[in-house]
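K.L.:
To start, I am sharing the structure in question, which I have written as structure tokens.
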Amino acid sequence: MTSRANSSRRPAWSTLSLHGRAADTTAKMRQLVRPLPRSFTRPVSALILVVWAGVMGLLINRSYRHASATLATDLARYTSTAVWHGVYYRGEKIGFPVGQNVTTEDGFELAEDGRLQMSLLGATSPVTIRTTAQVDEAFQLRSFEFSLDPGTGPIRIRGQVNGTRLSLAVTTGGKTRTEERELPEPPALSLNISRRLANGGLVTGARHRWTIFDAATLHNAPIVVDVGKRELVRGAGTAPIPAFRVETEFAGLRTTSWVTDTGEVVREESPLGLLTIRESAESARAMAVSSQVQADLLAAAAIVPVGRERIDEPRDVLRMRMRLEGADLSQLDLDGGNQTVAGNVVELRDPRSLRAVAADPEARRYLPPEPLIDSDDPEIRAEAAKAVRTAATPRERAEALTRYVNGLLEKKPTVSIPSAREVLRTKVGDCNEHTALYVAMARALGIPARISVGLVFVRGAFYYHAWPEVYLDEGSRGLWLPVDPTLNEFPADATHVRLARGGLDRQTAILPLVGRLRITVLDLEAAPGTARPILADAPADLGQLAIPQPQRSSNCACPR
């Protein structure tokens with residue numbers, strides 16, 4: 001990111017250093033934007049989404065040794081009958097899962113543990129994932145427990161199924177929130193899809209439609225499974241095994257798996273360059289994230305625009321028109337606020353030009369707490385009140401909160417599913433953490449707020465990023481305003497291209513775009529007196545930020 005004359009562009013690092021460092025710090029902040037990740041490989045995809053859309057990262061507060069010891073303890077429950085897989089990203093090993101089924105008195109217990117290790121901007125993050133599910137003899141889901149630990153402490157999600165009723169308990173930071181949901185049909189987990197298929201569903205030409213509860217996003221979504229012909233497929237170092245070719249479409253992504261008659265997955269090929277393949281326990285547990293993986297992830301995050309003009313200083317952009325190509329845009333939230341869309345052409349205006357319009361009757365939907373947005377937590381309420389104690393109007397409070405969250409959090413790369421309560425405890429994170437905490441604190445103050453995810457321009461390229469939208473109530477009129485506490489912008493600049501609104505369930509709409517979306521800048525209007533720049537032809541050089549550091553990867557697609 002280039003430096004900004006306007007102080008609102010200055011990120012948190014600059015508020016913690018001498019004024020003479022501000023421009024350099026801002027440049028480094030902008031260089032850290034990159035893309036986001038869901039369980040193996042679906043949680044891996046959601047985690048990559050979190051890495052790519054989550055935005056600026058978190059330091060591992062627990063040591064690598066502790067994470068390894070914890071994982072070793074978890075793996076002790078697996079016997080010689082367990083099935084191991086290696087997870088690869090474009091040919092490089094980044095993780096493994098191990099799973100087994102145990103017969104119970106009235107069904108089965110399905111267990112899966114795994115490790116994902118990703119390296120971005122020199123930061124290596126070991127993440128452990130654990131899932132246990134209780135199913136009946138027909139592999140219908142009864143209960144489950146899912147946990148994800150990025151090194152700072154796990155998020156645990158427990159679910160109990162009674163017909164179409166799902167009881168959830170989400171635990172972060174030692175505190176638990178419960179919720180009841182009524183579903184149109186009994187849910188399944190991705191963990192038991194292959195077993196359900198083996199229970200009479202592996203018929204060539206068959207199509208199955210189920211509802212999946214995705215523990216990594218805390219939401220339900222339809223899944224479509226098409227069973228193809230039986231083929232011979234190899235695991236790692238094994239003889240060819242007969243298995244059905246199974247095509248699965250979930251959250252806009254199409255995955256190809258090879259499933260045996262007994263429900264074992266021999267091989268799975270996922271979008272974003274992910275491959276899961278059956279291996280021996282020794283081969284699966286051997287991991288080393290190479291520099292090539294790191295370089296590939298950064299390259300995949302960047303969308304270098306084409307056109308006659310370059311965006312030299314994002315804060316100077318008053319209006320910009322761009323054409324989006326290469327991907328399906330029909331499920332995206334491109335229209336509204338400072339964005340208008342016509343076909344595949346999006347026009348953005350500087351949010352500073354936005355004015356209040358007729359009040360939004362739906363704004364109050366974005367006041368209550370929800371899973372991971374802990375706006376009713378006493379500590380969050382107290383911190384929010386502290387942040388705005390000298391502010392009077394809604395706009396002043398929203399701006400004060402932007403500056404406060406920016407200065408409160410240390411910016412480190414992260415792979416996690418951020419809980420506002422946990423973010424307040426650790427006070428570190430990337431754009432996902434900044435956004436989750438801001439939205440929770442705003443709601444605690446009675447200010448409607450919601451999450452936006454999309455792209456932001458950083459020194460020659462667009463990167464995936466997340467930021468809040470806050471509602472400024474002016475009586476009979478109101479205004480949804482994009483703000484960016486990660487980059488210390490109030491409001492956010494006009495290079496923020498919103499693609500979706502909502503939590504990880506909505507952010508998964510971005511996954512099909514990664515590696516496909518192309519951007520052409522058609523027209524750009526800059527502030528008076530600004531020199532007309534020339535379009536850059538490469539993403540930013542990360543320079544010294546690419547030096548390995550003892551920290552973990554980010555869920556964010558934005559280079560700092």
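Labels used: A, B, ... for chains in the order of the structure tokens, numbers from 1 for residues in each chain, and numbers from 1 for ligands as shown.
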List the spatial neighbours of A:Val246 as number ranges by chain - criterion: any atom at most 9 Å away, only C-alpha atoms, same-chain residues fewer than 5 positions off excluded.

P.N.:
A: 202, 225-229, 255-259

K.L.:
Any idea what's packed within 10 Å of A:Met322, counting only C-alpha atoms, ignoring anything in its chain fewer than 4 positions away? Could you give it as a PyMOL selection string?

P.N.:
chain A and resi 305-307+341+344-348+497+518-524

K.L.:
How about saving the chosen residues, N, CA and C atoms kept, as a short mmCIF file (atom, residue, chain, number, x, y, z; two decimals), in the first residue's frame?

P.N.:
data_model
loop_
_atom_site.label_atom_id
_atom_site.label_comp_id
_atom_site.auth_asym_id
_atom_site.auth_seq_id
_atom_site.Cartn_x
_atom_site.Cartn_y
_atom_site.Cartn_z
N PRO A 305 -5.24 -5.50 -11.84
CA PRO A 305 -6.19 -4.95 -12.82
C PRO A 305 -5.48 -4.55 -14.11
N VAL A 306 -6.25 -4.53 -15.18
CA VAL A 306 -5.74 -4.00 -16.45
C VAL A 306 -6.51 -2.74 -16.78
N GLY A 307 -5.95 -1.94 -17.66
CA GLY A 307 -6.57 -0.68 -18.02
C GLY A 307 -5.50 0.37 -18.26
N VAL A 341 -24.24 -1.28 -9.97
CA VAL A 341 -23.80 -2.30 -10.91
C VAL A 341 -24.73 -2.31 -12.11
N ASN A 344 -21.89 -6.55 -15.70
CA ASN A 344 -20.68 -6.89 -14.96
C ASN A 344 -19.78 -5.68 -14.72
N VAL A 345 -20.37 -4.49 -14.85
CA VAL A 345 -19.63 -3.24 -14.61
C VAL A 345 -20.07 -2.64 -13.28
N VAL A 346 -19.12 -2.43 -12.40
CA VAL A 346 -19.38 -1.88 -11.08
C VAL A 346 -18.79 -0.47 -11.01
N GLU A 347 -19.59 0.46 -10.51
CA GLU A 347 -19.09 1.82 -10.30
C GLU A 347 -19.05 2.09 -8.80
N LEU A 348 -17.92 2.61 -8.33
CA LEU A 348 -17.74 2.93 -6.93
C LEU A 348 -17.54 4.43 -6.76
N VAL A 497 -14.16 -2.88 -2.77
CA VAL A 497 -15.19 -3.43 -3.65
C VAL A 497 -15.94 -4.51 -2.88
N ARG A 518 -11.28 -11.53 -12.93
CA ARG A 518 -10.41 -10.56 -13.61
C ARG A 518 -11.06 -9.18 -13.50
N ILE A 519 -10.21 -8.16 -13.38
CA ILE A 519 -10.69 -6.79 -13.21
C ILE A 519 -10.07 -5.90 -14.27
N THR A 520 -10.92 -5.13 -14.95
CA THR A 520 -10.47 -4.10 -15.87
C THR A 520 -10.95 -2.75 -15.36
N VAL A 521 -10.04 -1.83 -15.07
CA VAL A 521 -10.42 -0.49 -14.66
C VAL A 521 -10.78 0.31 -15.91
N LEU A 522 -12.05 0.69 -16.03
CA LEU A 522 -12.52 1.39 -17.22
C LEU A 522 -12.35 2.89 -17.12
N ASP A 523 -12.55 3.42 -15.92
CA ASP A 523 -12.50 4.87 -15.75
C ASP A 523 -12.18 5.17 -14.30
N LEU A 524 -11.43 6.23 -14.08
CA LEU A 524 -11.04 6.59 -12.72
C LEU A 524 -10.99 8.11 -12.59
#

K.L.:
Excluding A:Asp484 and residues on its chain fewer than 4 positions from it, collect all residues at most 9 Å away from it, counting only C-alpha atoms, and give them as a ChimeraX atom specification.

P.N.:
/A:402,406,431,434-435,466-469,488-493

K.L.:
Would you export the selected residues with N, CA and C atoms as a CSV table (one decimal), in the first residue's frame, please?

P.N.:
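Output file again-v2.csv is given in full below:
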chain,number,residue,atom,x,y,z
A,402,THR,N,-13.9,3.2,15.3
A,402,THR,CA,-12.9,2.8,14.2
A,402,THR,C,-11.5,3.0,14.7
A,406,ASN,N,-8.7,0.0,15.8
A,406,ASN,CA,-7.4,0.0,15.0
A,406,ASN,C,-6.2,0.0,16.0
A,431,CYS,N,-7.9,-8.6,9.4
A,431,CYS,CA,-9.1,-7.9,9.1
A,431,CYS,C,-10.3,-8.7,9.7
A,434,HIS,N,-10.4,-7.6,13.4
A,434,HIS,CA,-10.8,-6.2,13.5
A,434,HIS,C,-12.3,-6.1,13.2
A,435,THR,N,-12.8,-6.7,12.2
A,435,THR,CA,-14.2,-6.6,11.8
A,435,THR,C,-15.1,-7.2,12.8
A,466,ALA,N,-11.8,-7.9,4.5
A,466,ALA,CA,-13.1,-7.8,5.2
A,466,ALA,C,-13.1,-6.5,6.0
A,467,TRP,N,-14.3,-5.8,6.1
A,467,TRP,CA,-14.5,-4.6,6.8
A,467,TRP,C,-15.9,-4.4,7.3
A,468,PRO,N,-16.2,-3.6,8.2
A,468,PRO,CA,-17.6,-3.4,8.7
A,468,PRO,C,-18.4,-2.4,7.9
A,469,GLU,N,-19.7,-2.5,7.9
A,469,GLU,CA,-20.6,-1.4,7.5
A,469,GLU,C,-21.4,-1.0,8.8
A,488,ASN,N,-7.6,1.7,9.5
A,488,ASN,CA,-7.8,3.0,10.2
A,488,ASN,C,-8.4,4.1,9.3
A,489,GLU,N,-9.4,3.6,8.5
A,489,GLU,CA,-10.1,4.5,7.6
A,489,GLU,C,-11.6,4.8,8.0
A,490,PHE,N,-11.9,6.0,8.1
A,490,PHE,CA,-13.3,6.4,8.4
A,490,PHE,C,-13.7,7.6,7.5
A,491,PRO,N,-14.6,7.3,6.5
A,491,PRO,CA,-15.0,6.0,6.0
A,491,PRO,C,-13.9,5.3,5.2
A,492,ALA,N,-14.2,4.1,4.8
A,492,ALA,CA,-13.3,3.3,3.9
A,492,ALA,C,-13.1,4.0,2.6
A,493,ASP,N,-12.0,3.8,1.9
A,493,ASP,CA,-11.8,4.5,0.7
A,493,ASP,C,-12.5,3.8,-0.5

K.L.:
Run DSSP on the backbone and give me the residues of stretch 276-405 of chain A it puts in strand (DSSP E or B), as a PyMOL selection string.

P.N.:
chain A and resi 276-279+303+306-307+317-325+336+339-342+345-349+357-358+370+373

K.L.:
What would the file look like if the residues just selected were written as a short mmCIF file (atom, residue, chain, number, x, y, z; two decimals), in the first residue's frame with N, CA and C atoms?

P.N.:
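Dumped everything to out-v8.cif:
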data_model
loop_
_atom_site.label_atom_id
_atom_site.label_comp_id
_atom_site.auth_asym_id
_atom_site.auth_seq_id
_atom_site.Cartn_x
_atom_site.Cartn_y
_atom_site.Cartn_z
N THR A 276 -6.58 -34.10 -1.55
CA THR A 276 -6.49 -34.99 -0.40
C THR A 276 -6.34 -36.41 -0.93
N ILE A 277 -5.33 -37.14 -0.42
CA ILE A 277 -5.06 -38.47 -0.94
C ILE A 277 -4.74 -39.42 0.21
N ARG A 278 -5.24 -40.66 0.13
CA ARG A 278 -5.02 -41.63 1.19
C ARG A 278 -3.54 -42.00 1.24
N GLU A 279 -2.98 -42.03 2.47
CA GLU A 279 -1.57 -42.33 2.68
C GLU A 279 -1.40 -43.18 3.93
N ILE A 303 -5.23 -9.84 -7.54
CA ILE A 303 -5.88 -9.64 -8.83
C ILE A 303 -5.31 -8.34 -9.40
N VAL A 306 -6.25 -4.53 -15.18
CA VAL A 306 -5.74 -4.00 -16.45
C VAL A 306 -6.51 -2.74 -16.78
N GLY A 307 -5.95 -1.94 -17.66
CA GLY A 307 -6.57 -0.68 -18.02
C GLY A 307 -5.50 0.37 -18.26
N VAL A 317 -9.06 8.45 -4.74
CA VAL A 317 -10.05 8.01 -5.72
C VAL A 317 -11.43 8.52 -5.34
N LEU A 318 -12.05 9.28 -6.23
CA LEU A 318 -13.40 9.80 -6.01
C LEU A 318 -14.45 8.92 -6.69
N ARG A 319 -14.09 8.35 -7.83
CA ARG A 319 -15.03 7.51 -8.57
C ARG A 319 -14.22 6.54 -9.43
N MET A 320 -14.72 5.32 -9.55
CA MET A 320 -14.03 4.32 -10.35
C MET A 320 -15.04 3.36 -10.94
N ARG A 321 -14.87 3.07 -12.22
CA ARG A 321 -15.68 2.06 -12.90
C ARG A 321 -14.78 0.90 -13.28
N MET A 322 -15.26 -0.32 -13.01
CA MET A 322 -14.47 -1.50 -13.34
C MET A 322 -15.36 -2.60 -13.89
N ARG A 323 -14.78 -3.42 -14.74
CA ARG A 323 -15.50 -4.57 -15.29
C ARG A 323 -14.95 -5.83 -14.61
N LEU A 324 -15.87 -6.67 -14.10
CA LEU A 324 -15.51 -7.92 -13.45
C LEU A 324 -15.84 -9.08 -14.39
N GLU A 325 -14.88 -9.92 -14.67
CA GLU A 325 -15.07 -11.02 -15.62
C GLU A 325 -14.43 -12.29 -15.08
N GLY A 336 -25.65 -1.28 -4.13
CA GLY A 336 -26.08 -0.63 -2.91
C GLY A 336 -24.98 0.16 -2.24
N GLN A 339 -21.88 1.64 -4.16
CA GLN A 339 -21.66 0.84 -5.35
C GLN A 339 -22.94 0.74 -6.18
N THR A 340 -22.80 0.83 -7.48
CA THR A 340 -23.89 0.54 -8.41
C THR A 340 -23.36 -0.44 -9.43
N VAL A 341 -24.24 -1.28 -9.97
CA VAL A 341 -23.80 -2.30 -10.91
C VAL A 341 -24.73 -2.31 -12.11
N ALA A 342 -24.15 -2.48 -13.28
CA ALA A 342 -24.89 -2.66 -14.53
C ALA A 342 -24.23 -3.79 -15.29
N VAL A 345 -20.37 -4.49 -14.85
CA VAL A 345 -19.63 -3.24 -14.61
C VAL A 345 -20.07 -2.64 -13.28
N VAL A 346 -19.12 -2.43 -12.40
CA VAL A 346 -19.38 -1.88 -11.08
C VAL A 346 -18.79 -0.47 -11.01
N GLU A 347 -19.59 0.46 -10.51
CA GLU A 347 -19.09 1.82 -10.30
C GLU A 347 -19.05 2.09 -8.80
N LEU A 348 -17.92 2.61 -8.33
CA LEU A 348 -17.74 2.93 -6.93
C LEU A 348 -17.54 4.43 -6.76
N ARG A 349 -18.17 4.97 -5.74
CA ARG A 349 -17.98 6.38 -5.39
C ARG A 349 -17.34 6.46 -4.02
N VAL A 357 -30.35 8.85 3.53
CA VAL A 357 -31.57 8.70 2.73
C VAL A 357 -32.67 8.22 3.67
N ALA A 358 -33.77 7.79 3.10
CA ALA A 358 -34.87 7.28 3.94
C ALA A 358 -34.36 6.18 4.86
N GLU A 370 -25.04 -12.53 17.91
CA GLU A 370 -25.16 -13.78 17.17
C GLU A 370 -23.89 -14.58 17.39
N ILE A 373 -20.36 -13.01 17.27
CA ILE A 373 -20.52 -11.56 17.42
C ILE A 373 -21.14 -11.35 18.80
#

K.L.:
Could you tell me how far atom CA of A:Thr128 lies from atom CA of A:Ala243, in Å and to one decimal?

P.N.:
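Atom CA of A:Thr128 sits 28.9 Å away from atom CA of A:Ala243.
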